[in-house]
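Trainee: run05.cif (mmCIF, C-alpha atoms) pasted underneath:
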data_entry
loop_
_atom_site.label_atom_id
_atom_site.label_comp_id
_atom_site.auth_asym_id
_atom_site.auth_seq_id
_atom_site.Cartn_x
_atom_site.Cartn_y
_atom_site.Cartn_z
CA MET A 24 74.50 45.32 -132.00
CA ALA A 25 72.60 42.06 -132.43
CA TYR A 26 69.60 41.84 -134.71
CA ALA A 27 66.93 39.49 -133.39
CA ALA A 28 65.85 38.51 -136.89
CA TRP A 29 69.33 37.13 -137.53
CA ASP A 30 69.56 35.18 -134.28
CA HIS A 31 69.27 31.44 -134.73
CA PRO A 32 66.45 30.09 -132.51
CA GLU A 33 67.58 28.00 -129.58
CA PRO A 34 66.68 24.29 -129.78
CA LEU A 35 64.42 22.81 -127.14
CA ALA A 36 66.33 21.97 -123.98
CA LEU A 37 66.44 18.21 -123.43
CA GLY A 38 65.66 18.78 -119.77
CA SER A 39 62.28 20.23 -120.75
CA ALA A 40 61.06 16.85 -122.06
CA PRO A 41 58.43 15.46 -119.63
CA LEU A 42 59.87 12.07 -118.71
CA PRO A 43 57.61 9.06 -118.11
CA GLU A 44 57.10 8.11 -114.47
CA TYR A 45 59.31 5.04 -114.57
CA GLY A 46 59.44 3.30 -111.22
CA SER A 47 56.37 4.91 -109.70
CA GLY A 48 53.61 5.40 -112.26
CA SER A 49 54.33 3.93 -115.70
CA LEU A 50 52.87 1.00 -117.62
CA ALA A 51 55.96 -1.01 -116.73
CA ASP A 52 55.03 -0.70 -113.05
CA LEU A 53 51.45 -1.98 -113.33
CA LEU A 54 51.71 -5.77 -113.47
CA PRO A 55 54.57 -5.97 -110.94
CA THR A 56 52.40 -3.96 -108.53
CA LEU A 57 49.42 -6.28 -109.02
CA ALA A 58 51.59 -9.40 -108.81
CA ALA A 59 53.27 -8.15 -105.63
CA GLY A 60 49.81 -7.84 -104.10
CA MET A 61 49.27 -11.53 -104.90
CA ALA A 62 52.56 -12.49 -103.23
CA VAL A 63 54.46 -13.32 -106.44
CA PRO A 64 58.16 -13.48 -105.48
CA GLY A 65 60.45 -10.78 -106.82
CA MET A 66 57.69 -8.32 -107.64
CA THR A 67 57.60 -4.75 -106.28
CA ALA A 68 54.47 -2.65 -105.72
CA SER A 69 55.80 0.52 -107.34
CA ILE A 70 52.41 2.15 -107.97
CA THR A 71 51.85 2.73 -104.29
CA GLU A 72 48.32 4.11 -104.71
CA LEU A 73 46.91 0.68 -105.65
CA THR A 74 45.35 -1.64 -103.08
CA PRO A 75 46.04 -5.39 -103.48
CA ALA A 76 43.34 -7.72 -104.76
CA ASP A 77 43.21 -11.51 -105.09
CA ARG A 78 41.90 -11.34 -108.65
CA ASN A 79 43.20 -8.71 -111.05
CA CYS A 80 42.15 -7.97 -114.61
CA VAL A 81 43.93 -5.50 -116.91
CA PHE A 82 41.87 -4.36 -119.89
CA LEU A 83 44.19 -2.54 -122.30
CA ILE A 84 42.42 -0.47 -124.94
CA ASP A 85 44.81 0.39 -127.75
CA GLY A 86 45.00 4.15 -128.32
CA LEU A 87 42.74 5.31 -125.45
CA GLY A 88 44.69 8.22 -124.01
CA TRP A 89 43.75 10.05 -120.83
CA GLU A 90 43.11 13.32 -122.65
CA GLN A 91 40.90 11.60 -125.20
CA ILE A 92 38.59 10.26 -122.48
CA ARG A 93 38.34 13.67 -120.84
CA ALA A 94 37.50 15.30 -124.17
CA HIS A 95 34.60 12.93 -124.92
CA PRO A 96 32.32 12.58 -121.89
CA ASP A 97 29.18 12.16 -123.98
CA GLU A 98 30.59 9.24 -125.95
CA ALA A 99 32.12 7.57 -122.89
CA PRO A 100 29.84 8.15 -119.89
CA PHE A 101 30.94 5.01 -118.02
CA LEU A 102 34.65 5.68 -118.50
CA THR A 103 34.15 9.34 -117.60
CA ALA A 104 32.43 8.34 -114.36
CA LEU A 105 35.52 6.27 -113.52
CA LEU A 106 38.06 9.06 -114.04
CA GLY A 107 38.15 9.79 -110.32
CA SER A 108 39.07 6.16 -109.63
CA SER A 109 42.22 6.35 -111.75
CA ARG A 110 45.49 5.43 -110.08
CA GLY A 111 44.00 4.21 -106.85
CA GLY A 112 41.43 6.98 -106.46
CA THR A 113 43.85 9.87 -106.94
CA GLY A 114 42.15 10.80 -110.21
CA ARG A 115 45.55 10.93 -111.94
CA PRO A 116 46.82 9.13 -115.04
CA ILE A 117 49.94 7.04 -115.41
CA THR A 118 52.45 7.31 -118.26
CA ALA A 119 53.06 4.99 -121.17
CA GLY A 120 56.86 5.19 -121.46
CA TYR A 121 58.99 6.34 -124.37
CA PRO A 122 58.23 5.93 -127.15
CA ALA A 123 54.47 5.88 -126.64
CA THR A 124 53.82 3.16 -129.19
CA THR A 125 52.14 -0.24 -129.11
CA ALA A 126 55.05 -2.67 -129.38
CA THR A 127 57.06 -0.80 -126.76
CA SER A 128 54.13 -0.36 -124.39
CA LEU A 129 52.89 -3.96 -124.60
CA ALA A 130 56.40 -5.18 -123.84
CA SER A 131 56.56 -2.81 -120.86
CA VAL A 132 53.20 -4.04 -119.59
CA GLY A 133 53.99 -7.73 -119.96
CA THR A 134 57.59 -7.79 -118.73
CA GLY A 135 57.31 -5.08 -116.09
CA LEU A 136 60.48 -3.56 -117.54
CA PRO A 137 61.18 -0.15 -119.11
CA PRO A 138 62.01 -0.02 -122.85
CA GLY A 139 65.74 0.26 -122.26
CA ALA A 140 65.66 -3.10 -120.48
CA HIS A 141 63.15 -5.19 -122.45
CA GLY A 142 64.67 -3.98 -125.70
CA LEU A 143 61.68 -2.98 -127.86
CA PRO A 144 62.47 0.76 -127.95
CA GLY A 145 60.40 1.79 -130.95
CA TYR A 146 58.10 0.95 -133.83
CA THR A 147 61.05 0.15 -136.11
CA VAL A 148 64.63 -0.08 -134.83
CA ARG A 149 67.94 -1.25 -136.23
CA ASN A 150 68.99 -4.83 -135.61
CA PRO A 151 72.72 -4.50 -134.84
CA GLN A 152 73.38 -8.03 -136.15
CA THR A 153 71.89 -7.43 -139.60
CA GLN A 154 72.05 -3.61 -139.84
CA GLN A 155 68.44 -3.73 -141.07
CA LEU A 156 65.38 -2.02 -139.67
CA MET A 157 63.14 -4.39 -137.73
CA ASN A 158 59.44 -3.71 -137.32
CA GLN A 159 58.77 -4.78 -133.72
CA LEU A 160 54.99 -4.73 -134.09
CA ARG A 161 54.88 -7.00 -137.14
CA TRP A 162 58.22 -8.71 -136.32
CA GLN A 163 59.63 -8.22 -139.80
CA PRO A 164 62.15 -9.32 -140.83
CA TRP A 165 62.10 -12.41 -138.62
CA THR A 166 64.32 -12.31 -135.55
CA ASP A 167 64.59 -14.91 -132.79
CA PRO A 168 62.11 -13.66 -130.16
CA ALA A 169 63.94 -15.20 -127.20
CA ALA A 170 67.20 -13.55 -128.20
CA TRP A 171 65.56 -10.20 -128.85
CA GLN A 172 63.67 -10.11 -125.51
CA PRO A 173 65.09 -12.71 -123.08
CA TYR A 174 63.34 -11.76 -119.85
CA PRO A 175 60.33 -13.69 -118.45
CA THR A 176 56.95 -12.00 -118.45
CA VAL A 177 55.06 -11.21 -115.27
CA PHE A 178 52.42 -13.71 -116.40
CA GLN A 179 55.06 -16.45 -116.48
CA LEU A 180 56.35 -15.51 -113.03
CA ALA A 181 52.81 -15.35 -111.66
CA GLN A 182 51.96 -18.76 -113.08
CA ASP A 183 55.13 -20.19 -111.53
CA ALA A 184 53.94 -18.80 -108.19
CA GLY A 185 50.58 -20.59 -108.44
CA VAL A 186 48.51 -17.68 -109.77
CA HIS A 187 46.03 -18.47 -112.54
CA ALA A 188 47.25 -16.37 -115.49
CA ALA A 189 45.32 -15.86 -118.71
CA GLN A 190 45.18 -13.65 -121.79
CA VAL A 191 41.92 -13.05 -123.67
CA SER A 192 42.41 -11.43 -127.04
CA SER A 193 41.90 -11.81 -130.78
CA PRO A 194 42.82 -15.29 -132.06
CA ALA A 195 45.13 -13.56 -134.56
CA PHE A 196 47.52 -12.65 -131.74
CA GLU A 197 47.91 -16.09 -130.18
CA ARG A 198 51.16 -17.12 -131.90
CA THR A 199 52.72 -13.78 -132.82
CA PRO A 200 56.32 -13.11 -131.72
CA LEU A 201 55.21 -9.93 -129.94
CA THR A 202 52.75 -11.93 -127.85
CA LYS A 203 55.49 -14.47 -127.11
CA VAL A 204 58.01 -11.91 -125.84
CA ALA A 205 55.56 -9.56 -124.12
CA LEU A 206 52.44 -11.39 -122.96
CA SER A 207 53.09 -15.13 -122.80
CA GLY A 208 52.51 -17.20 -119.68
CA GLY A 209 49.39 -18.95 -118.47
CA THR A 210 46.70 -19.72 -121.04
CA PHE A 211 45.72 -17.80 -124.18
CA HIS A 212 42.04 -17.63 -125.11
CA GLY A 213 41.15 -16.27 -128.53
CA ARG A 214 37.76 -14.66 -129.02
CA LEU A 215 36.68 -12.63 -132.02
CA THR A 216 34.23 -10.10 -130.56
CA GLY A 217 34.76 -7.64 -127.77
CA GLU A 218 31.67 -8.92 -125.97
CA GLU A 219 33.00 -12.48 -126.00
CA ARG A 220 36.30 -11.28 -124.58
CA MET A 221 34.61 -9.43 -121.73
CA ASP A 222 32.53 -12.45 -120.78
CA LEU A 223 35.47 -14.83 -120.91
CA ALA A 224 37.75 -12.46 -119.00
CA ALA A 225 35.22 -12.44 -116.17
CA ASP A 226 35.08 -16.25 -116.26
CA GLN A 227 38.87 -16.48 -116.14
CA LEU A 228 39.01 -14.15 -113.16
CA ALA A 229 36.65 -16.48 -111.30
CA ALA A 230 38.63 -19.60 -112.25
CA ALA A 231 40.92 -19.50 -109.20
CA ASP A 232 41.37 -17.85 -105.82
CA ARG A 233 44.27 -15.82 -107.26
CA SER A 234 43.96 -14.74 -110.89
CA LEU A 235 45.80 -12.39 -113.24
CA VAL A 236 43.89 -11.79 -116.48
CA TYR A 237 44.73 -9.57 -119.43
CA THR A 238 42.37 -8.59 -122.23
CA TYR A 239 42.79 -6.25 -125.18
CA TYR A 240 40.87 -4.26 -127.78
CA ALA A 241 42.59 -2.81 -130.87
CA GLU A 242 39.92 -1.27 -133.08
CA LEU A 243 39.84 2.16 -131.41
CA ASP A 244 43.48 2.67 -132.35
CA GLY A 245 42.82 1.63 -135.93
CA ALA A 246 40.00 4.15 -136.25
CA GLY A 247 42.22 6.89 -134.85
CA HIS A 248 45.07 6.18 -137.27
CA ARG A 249 42.80 6.07 -140.29
CA TYR A 250 40.25 8.76 -139.52
CA GLY A 251 41.59 10.71 -136.53
CA VAL A 252 40.38 11.18 -132.97
CA ASP A 253 38.07 13.97 -134.14
CA SER A 254 36.19 11.64 -136.49
CA ASP A 255 32.71 10.17 -136.13
CA THR A 256 34.22 6.72 -136.72
CA TRP A 257 36.56 7.12 -133.76
CA ARG A 258 33.75 8.41 -131.57
CA GLY A 259 31.62 5.42 -132.53
CA GLN A 260 34.45 3.11 -131.50
CA LEU A 261 34.79 4.95 -128.20
CA MET A 262 31.07 4.44 -127.52
CA HIS A 263 31.55 0.72 -128.16
CA VAL A 264 34.59 0.58 -125.86
CA ASP A 265 32.60 2.33 -123.12
CA ARG A 266 29.94 -0.38 -123.30
CA LEU A 267 32.55 -3.14 -123.25
CA VAL A 268 34.15 -1.79 -120.07
CA GLN A 269 30.75 -1.57 -118.40
CA ARG A 270 29.91 -5.12 -119.50
CA LEU A 271 33.08 -6.47 -117.90
CA ALA A 272 32.73 -4.35 -114.77
CA GLU A 273 29.24 -5.68 -114.13
CA GLN A 274 30.47 -9.30 -114.24
CA LEU A 275 33.43 -9.10 -111.87
CA PRO A 276 33.56 -11.99 -109.41
CA ALA A 277 34.17 -11.36 -105.72
CA ARG A 278 37.53 -9.99 -104.55
CA SER A 279 38.37 -8.62 -108.00
CA ALA A 280 39.92 -5.42 -109.32
CA LEU A 281 39.56 -4.32 -112.92
CA TYR A 282 42.09 -1.85 -114.31
CA VAL A 283 41.35 -0.11 -117.62
CA THR A 284 44.43 1.34 -119.26
CA ALA A 285 46.00 1.99 -122.66
CA ASP A 286 49.30 1.79 -124.49
CA HIS A 287 49.31 5.42 -125.67
CA GLY A 288 47.11 8.36 -126.60
CA MET A 289 46.94 10.01 -130.01
CA VAL A 290 47.04 13.36 -131.81
CA ASP A 291 45.67 14.32 -135.23
CA ILE A 292 48.22 15.98 -137.50
CA PRO A 293 47.11 18.27 -140.39
CA PHE A 294 48.05 17.34 -143.93
CA ASP A 295 50.32 20.19 -144.97
CA GLU A 296 54.03 20.80 -145.33
CA GLN A 297 54.18 22.82 -142.13
CA HIS A 298 52.99 19.90 -140.01
CA ARG A 299 54.33 16.98 -142.07
CA ILE A 300 58.04 17.25 -142.85
CA ASP A 301 58.92 14.73 -145.56
CA PHE A 302 62.29 13.10 -144.92
CA ASP A 303 62.29 11.63 -148.41
CA GLU A 304 62.05 15.14 -149.89
CA ASP A 305 64.43 16.94 -147.51
CA TRP A 306 68.08 16.70 -148.52
CA GLU A 307 69.29 18.31 -145.28
CA LEU A 308 67.65 15.73 -143.06
CA ARG A 309 68.79 12.87 -145.31
CA ALA A 310 72.44 13.90 -145.35
CA GLY A 311 74.59 11.30 -143.57
CA VAL A 312 71.60 9.11 -142.65
CA ALA A 313 71.84 5.37 -143.34
CA LEU A 314 68.47 4.33 -141.86
CA LEU A 315 65.38 6.17 -140.63
CA GLY A 316 63.61 4.25 -137.88
CA GLY A 317 60.87 4.80 -135.33
CA GLU A 318 57.76 6.62 -136.49
CA GLY A 319 56.70 10.15 -137.34
CA ARG A 320 56.67 11.54 -133.80
CA ALA A 321 59.45 9.39 -132.33
CA ARG A 322 62.33 8.92 -134.74
CA HIS A 323 65.46 6.79 -134.47
CA VAL A 324 68.05 8.14 -136.91
CA TYR A 325 70.99 5.86 -137.78
CA ALA A 326 73.97 7.68 -139.29
CA VAL A 327 76.52 6.38 -141.75
CA PRO A 328 79.83 5.63 -140.00
CA GLY A 329 81.52 8.82 -138.83
CA ALA A 330 78.55 11.09 -139.51
CA ALA A 331 76.62 10.89 -136.21
CA GLY A 332 77.85 14.26 -134.94
CA ASP A 333 76.99 16.04 -138.17
CA VAL A 334 73.56 14.44 -138.33
CA LEU A 335 72.83 15.50 -134.74
CA THR A 336 73.89 19.07 -135.49
CA CYS A 337 71.77 19.23 -138.64
CA TRP A 338 68.66 17.74 -137.08
CA ARG A 339 68.92 20.13 -134.13
CA GLU A 340 69.29 23.13 -136.44
CA VAL A 341 66.41 22.12 -138.70
CA LEU A 342 64.00 20.63 -136.15
CA GLY A 343 65.16 21.75 -132.72
CA GLU A 344 62.29 24.16 -132.12
CA GLN A 345 59.67 21.47 -132.80
CA PHE A 346 61.39 18.29 -131.59
CA TRP A 347 63.51 17.32 -128.64
CA VAL A 348 66.61 16.13 -130.51
CA ALA A 349 69.17 14.07 -128.57
CA SER A 350 72.14 11.88 -129.26
CA ARG A 351 71.80 8.24 -128.28
CA ASP A 352 73.85 8.73 -125.12
CA GLU A 353 71.97 11.91 -124.19
CA ALA A 354 68.59 10.18 -124.53
CA ILE A 355 69.73 7.20 -122.46
CA THR A 356 71.34 9.35 -119.76
CA ALA A 357 68.27 11.61 -119.61
CA GLY A 358 66.11 8.56 -118.87
CA TRP A 359 63.95 8.59 -121.98
CA PHE A 360 64.02 4.79 -122.17
CA GLY A 361 63.96 4.20 -118.43
CA PRO A 362 66.35 4.68 -115.51
CA PRO A 363 69.93 4.64 -116.85
CA ASP A 364 70.97 2.07 -114.25
CA ARG A 365 68.39 -0.36 -115.65
CA PHE A 366 69.49 0.06 -119.26
CA ASP A 367 70.58 -3.22 -120.88
CA GLU A 368 73.67 -2.90 -123.06
CA ARG A 369 72.25 -5.30 -125.65
CA VAL A 370 69.74 -2.54 -126.49
CA TYR A 371 72.34 0.20 -127.01
CA GLU A 372 72.78 -0.02 -130.78
CA ARG A 373 69.07 -0.55 -131.39
CA ILE A 374 68.58 3.09 -130.43
CA GLY A 375 69.30 5.71 -133.07
CA ASP A 376 72.51 7.70 -133.18
CA VAL A 377 70.03 10.58 -133.05
CA VAL A 378 66.64 10.40 -131.33
CA ALA A 379 63.94 12.95 -132.18
CA ALA A 380 60.74 13.28 -130.11
CA ALA A 381 58.00 15.65 -131.26
CA HIS A 382 57.07 18.62 -129.09
CA ASP A 383 54.68 20.36 -131.51
CA ASP A 384 51.86 18.97 -133.66
CA VAL A 385 54.29 17.83 -136.33
CA LEU A 386 55.51 14.64 -138.00
CA ILE A 387 58.62 13.53 -139.82
CA ILE A 388 57.02 11.41 -142.53
CA ALA A 389 58.77 9.38 -145.23
CA SER A 390 56.37 9.39 -148.15
CA GLU A 391 58.33 6.96 -150.32
CA ARG A 392 59.66 4.43 -147.82
CA GLU A 393 56.69 4.60 -145.41
CA PRO A 394 53.62 5.39 -147.57
CA LYS A 395 51.02 3.82 -145.28
CA GLU A 396 52.36 5.34 -142.07
CA SER A 397 52.78 8.73 -143.77
CA ALA A 398 49.08 8.77 -144.67
CA MET A 399 47.78 8.28 -141.12
CA VAL A 400 45.61 11.01 -139.61
CA GLY A 401 46.11 10.10 -135.95
CA ASN A 402 49.66 9.59 -134.68
CA HIS A 403 51.57 8.96 -131.46
CA GLY A 404 54.97 8.13 -130.06
CA SER A 405 56.32 11.17 -128.26
CA MET A 406 56.25 12.53 -124.70
CA THR A 407 53.46 15.10 -124.98
CA PRO A 408 50.53 14.65 -122.58
CA ALA A 409 48.11 13.68 -125.36
CA GLU A 410 50.32 10.72 -126.26
CA GLN A 411 51.99 9.86 -122.99
CA LEU A 412 49.22 10.02 -120.38
CA VAL A 413 47.04 6.93 -120.10
CA PRO A 414 44.27 6.04 -117.66
CA LEU A 415 44.37 3.51 -114.88
CA LEU A 416 40.63 3.37 -114.19
CA GLU A 417 39.60 1.01 -111.41
CA VAL A 418 36.49 -1.03 -110.61
CA ARG A 419 36.43 -3.33 -107.57
CA SER A 420 33.93 -5.95 -106.51
#
Mind turning the file's structure into structure tokens?
Mentor:
Amino acid sequence: MAYAAWDHPEPLALGSAPLPEYGSGSLADLLPTLAAGMAVPGMTASITELTPADRNCVFLIDGLGWEQIRAHPDEAPFLTALLGSSRGGTGRPITAGYPATTATSLASVGTGLPPGAHGLPGYTVRNPQTQQLMNQLRWQPWTDPAAWQPYPTVFQLAQDAGVHAAQVSSPAFERTPLTKVALSGGTFHGRLTGEERMDLAADQLAAADRSLVYTYYAELDGAGHRYGVDSDTWRGQLMHVDRLVQRLAEQLPARSALYVTADHGMVDIPFDEQHRIDFDEDWELRAGVALLGGEGRARHVYAVPGAAGDVLTCWREVLGEQFWVASRDEAITAGWFGPPDRFDERVYERIGDVVAAAHDDVLIIASEREPKESAMVGNHGSMTPAEQLVPLLEVRS
């Protein structure tokens, strides 16, 4: 006779992970769809709900998830009124891609490729050449950008096809390696304030008969990380973002389409041992692990030689009810990083021997080696709707 109390709980089935809509409704499909509508060679209109326009502007608001807009109609009346326009008037979101994190998502947007192809598959990943963790947002330690991400951006391809391409963002981002590998092509225009960016983005749209313009706002994400998406500070930032979108929408030149999207959503995680599992204090999770990469809700785990199987078994036993825990090959084959047939072999060893994606409201922090990240209130990275679903709000002139 079996006693239920003695039964070991079954880990989450990998097939239950809600995969991003690669190839039909992910961030990687957005710019190719817009560029195809402007007759840029080699581009495919994968988001079939969108109608072509001669002038296209993408306004990416860091950290503005679909669920966060829906939960705050009073703070974001303009954005809320646009929810029905999302994804070509279907009123549906698109997906960020895995992991739902800034470096990965910006590379997906700019290259039109899924993470397994462009090769930025996480916040921090192992560089196979040095065996060190590389932070792909801050680009530390230094790695040759062209070798790390060799594919041209959609902006470059559009410019080559005679489309006026421009990025309008903070001056601090003009020469960063991430901008180079993900968003280069055309002209970069640095402006400090959000209002200046909106005005200049509208001007850049009007600068040619065919235009592709990208603009960006980061401060909402910063408020969420520091204070949480339930904070007054975050709500104040959302109110500001709402006004910025309206300001840009009201200045669109003729034959334009504005698309408001995001790189990921966000969830607040309580500060207790139940919700924040400290890798640096857990001997079971540390056993056989050489490097801990990724971030709290989307971990890459690199095992010491010969220990990958044991690490996978341990992580599944300890975390399998709260995380989808996969081997590297399982995650690739399941399509976490994009369609398996589009996976670039140069990316293979950048992905952890074990990949852990949060299902519950839980983090794997590392209080000693990642003190700043471990102290964040708002977090993201995994495949849950709050993190994965992002808007594609549309305004046309």
Trainee: How far is it from CA of Leu42 (chain A) to CA of Gly332 (chain A), in Å with one decimal?
Mentor: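 So the answer is 24.3 Å.
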Trainee: How many Å separate CA of Leu160 (chain A) from CA of Val177 (chain A)?
Mentor: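 Taking CA of Leu160 (chain A) and CA of Val177 (chain A), their separation equals 19.9 Å.
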Trainee: For this structure, which residues satisfy the selection - the PyMOL selection byres ((chain A and resi 156) around 12) - when it is evaluated on the file as given? I want them as a PyMOL selection string.
Mentor: chain A and resi 145-155+157-159+161-166+313-318+323-325+372-375+392
Trainee: Which residue, A:Thr356, A:Thr238, A:Thr124, A:Thr407, has the smallest gap to Thr284 (chain A) when you use only C-alpha atoms?
Mentor: A:Thr238
Trainee: Have a look at CA of Arg419 (chain A) and CA of Gly111 (chain A) and let me know their distance in Å, one decimal.
Mentor: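 Answer for the CA of Arg419 (chain A) to CA of Gly111 (chain A) separation: 10.7 Å.
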Trainee: Please write the residues picked by the PyMOL selection byres ((chain A and resi 66) around 12) on this file as a ChimeraX atom specification.
Mentor: /A:51-65,67-70,134-136,176-178,180-181,184
Trainee: Taking the file as I've supplied it (selection: the PyMOL selection byres ((chain A and resi 108) around 12)), which residues are included? Please answer as a list in words.
Mentor: Glu72, Leu73, Thr74, Phe101, Leu102, Thr103, Ala104, Leu105, Leu106, Gly107, Ser109, Arg110, Gly111, Gly112, Thr113, Gly114, Arg115, Pro116, Ala280, Leu281, Tyr282, Val283, Pro414, Leu415, Leu416, Glu417, Val418 and Arg419 of chain A
Trainee: Which neighbours of Ala381 (chain A) fall inside 10 Å, counting only C-alpha atoms, when residues of the same chain fewer than 5 positions from it are skipped, and could you give them as a tab-separated table (two decimals) with C-alpha atoms, in the coordinates of the input?
Mentor:
chain	number	residue	atom	x	y	z
A	40	ALA	CA	61.06	16.85	-122.06
A	319	GLY	CA	56.70	10.15	-137.34
A	320	ARG	CA	56.67	11.54	-133.80
A	321	ALA	CA	59.45	9.39	-132.33
A	322	ARG	CA	62.33	8.92	-134.74
A	342	LEU	CA	64.00	20.63	-136.15
A	343	GLY	CA	65.16	21.75	-132.72
A	344	GLU	CA	62.29	24.16	-132.12
A	345	GLN	CA	59.67	21.47	-132.80
A	346	PHE	CA	61.39	18.29	-131.59
A	347	TRP	CA	63.51	17.32	-128.64
A	348	VAL	CA	66.61	16.13	-130.51
A	386	LEU	CA	55.51	14.64	-138.00
A	387	ILE	CA	58.62	13.53	-139.82
A	403	HIS	CA	51.57	8.96	-131.46
A	404	GLY	CA	54.97	8.13	-130.06
A	405	SER	CA	56.32	11.17	-128.26
A	406	MET	CA	56.25	12.53	-124.70
A	407	THR	CA	53.46	15.10	-124.98
Trainee: Using only C-alpha atoms, which residue out of A:Asp255, A:Asp305, A:Asp295, A:Asp352 lies closest to Phe366 (chain A)?
Mentor: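 Using only C-alpha atoms, Phe366 (chain A) sits closest to A:Asp352.
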Trainee: Find the residues near Ala229 (chain A): any atom within 8 Å, counting only C-alpha atoms, skip ones fewer than 4 places away on the same chain, and give them as a list in words.
Mentor: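 With the cut-off at 8 Å, the set is Arg78, Ala225, Ser234, Pro276 and Ala277 of chain A.
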Trainee: Restricting the calculation to all atoms listed in the file: of A:Gly209, A:Pro138, A:Gly133, A:Gly311, which residue gets closest to Val334 (chain A)?
Mentor: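 Of A:Gly209, A:Pro138, A:Gly133, A:Gly311, the one nearest Val334 (chain A), counting all atoms listed in the file, is A:Gly311.
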Trainee: Name all residues at most 12 Å from Glu304 (chain A) (count all atoms listed in the file; drop same-chain ones fewer than 4 positions away) and give them as a list in words.
Mentor: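 Residues near the query, excluding close chain neighbours: Glu296, Arg299, Ile300, Leu308, Arg309, Ala310, Ile387, Ile388, Ala389, Ser390, Glu391 and Arg392 of chain A.
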Trainee: Can you sort out region 145-157 of chain A so it carries N, CA, C and O atoms, written as a tab-separated table (two decimals), in the frame of the given file?
Mentor:
chain	number	residue	atom	x	y	z
A	145	GLY	N	60.97	1.01	-129.87
A	145	GLY	CA	60.40	1.79	-130.95
A	145	GLY	C	59.59	0.95	-131.90
A	145	GLY	O	59.58	-0.29	-131.83
A	146	TYR	N	58.91	1.63	-132.81
A	146	TYR	CA	58.10	0.95	-133.83
A	146	TYR	C	59.01	0.17	-134.78
A	146	TYR	O	58.82	-1.03	-135.00
A	147	THR	N	60.00	0.84	-135.36
A	147	THR	CA	61.05	0.15	-136.11
A	147	THR	C	62.40	0.59	-135.55
A	147	THR	O	62.62	1.77	-135.30
A	148	VAL	N	63.29	-0.37	-135.34
A	148	VAL	CA	64.63	-0.08	-134.83
A	148	VAL	C	65.64	-0.93	-135.60
A	148	VAL	O	65.31	-1.94	-136.21
A	149	ARG	N	66.89	-0.51	-135.54
A	149	ARG	CA	67.94	-1.25	-136.23
A	149	ARG	C	68.34	-2.50	-135.46
A	149	ARG	O	68.55	-2.45	-134.25
A	150	ASN	N	68.43	-3.60	-136.17
A	150	ASN	CA	68.99	-4.83	-135.61
A	150	ASN	C	70.50	-4.75	-135.79
A	150	ASN	O	71.01	-4.77	-136.91
A	151	PRO	N	71.27	-4.66	-134.70
A	151	PRO	CA	72.72	-4.50	-134.84
A	151	PRO	C	73.39	-5.68	-135.55
A	151	PRO	O	74.45	-5.50	-136.15
A	152	GLN	N	72.77	-6.86	-135.50
A	152	GLN	CA	73.38	-8.03	-136.15
A	152	GLN	C	73.24	-7.98	-137.67
A	152	GLN	O	74.11	-8.44	-138.40
A	153	THR	N	72.14	-7.44	-138.16
A	153	THR	CA	71.89	-7.43	-139.60
A	153	THR	C	72.02	-6.05	-140.23
A	153	THR	O	72.07	-5.93	-141.46
A	154	GLN	N	72.03	-5.00	-139.38
A	154	GLN	CA	72.05	-3.61	-139.84
A	154	GLN	C	70.80	-3.26	-140.64
A	154	GLN	O	70.79	-2.29	-141.40
A	155	GLN	N	69.72	-4.01	-140.43
A	155	GLN	CA	68.44	-3.73	-141.07
A	155	GLN	C	67.45	-3.19	-140.05
A	155	GLN	O	67.56	-3.46	-138.84
A	156	LEU	N	66.47	-2.43	-140.54
A	156	LEU	CA	65.38	-2.02	-139.67
A	156	LEU	C	64.48	-3.22	-139.38
A	156	LEU	O	64.15	-4.00	-140.26
A	157	MET	N	64.08	-3.34	-138.12
A	157	MET	CA	63.14	-4.39	-137.73
A	157	MET	C	61.86	-3.75	-137.22
A	157	MET	O	61.89	-2.87	-136.35
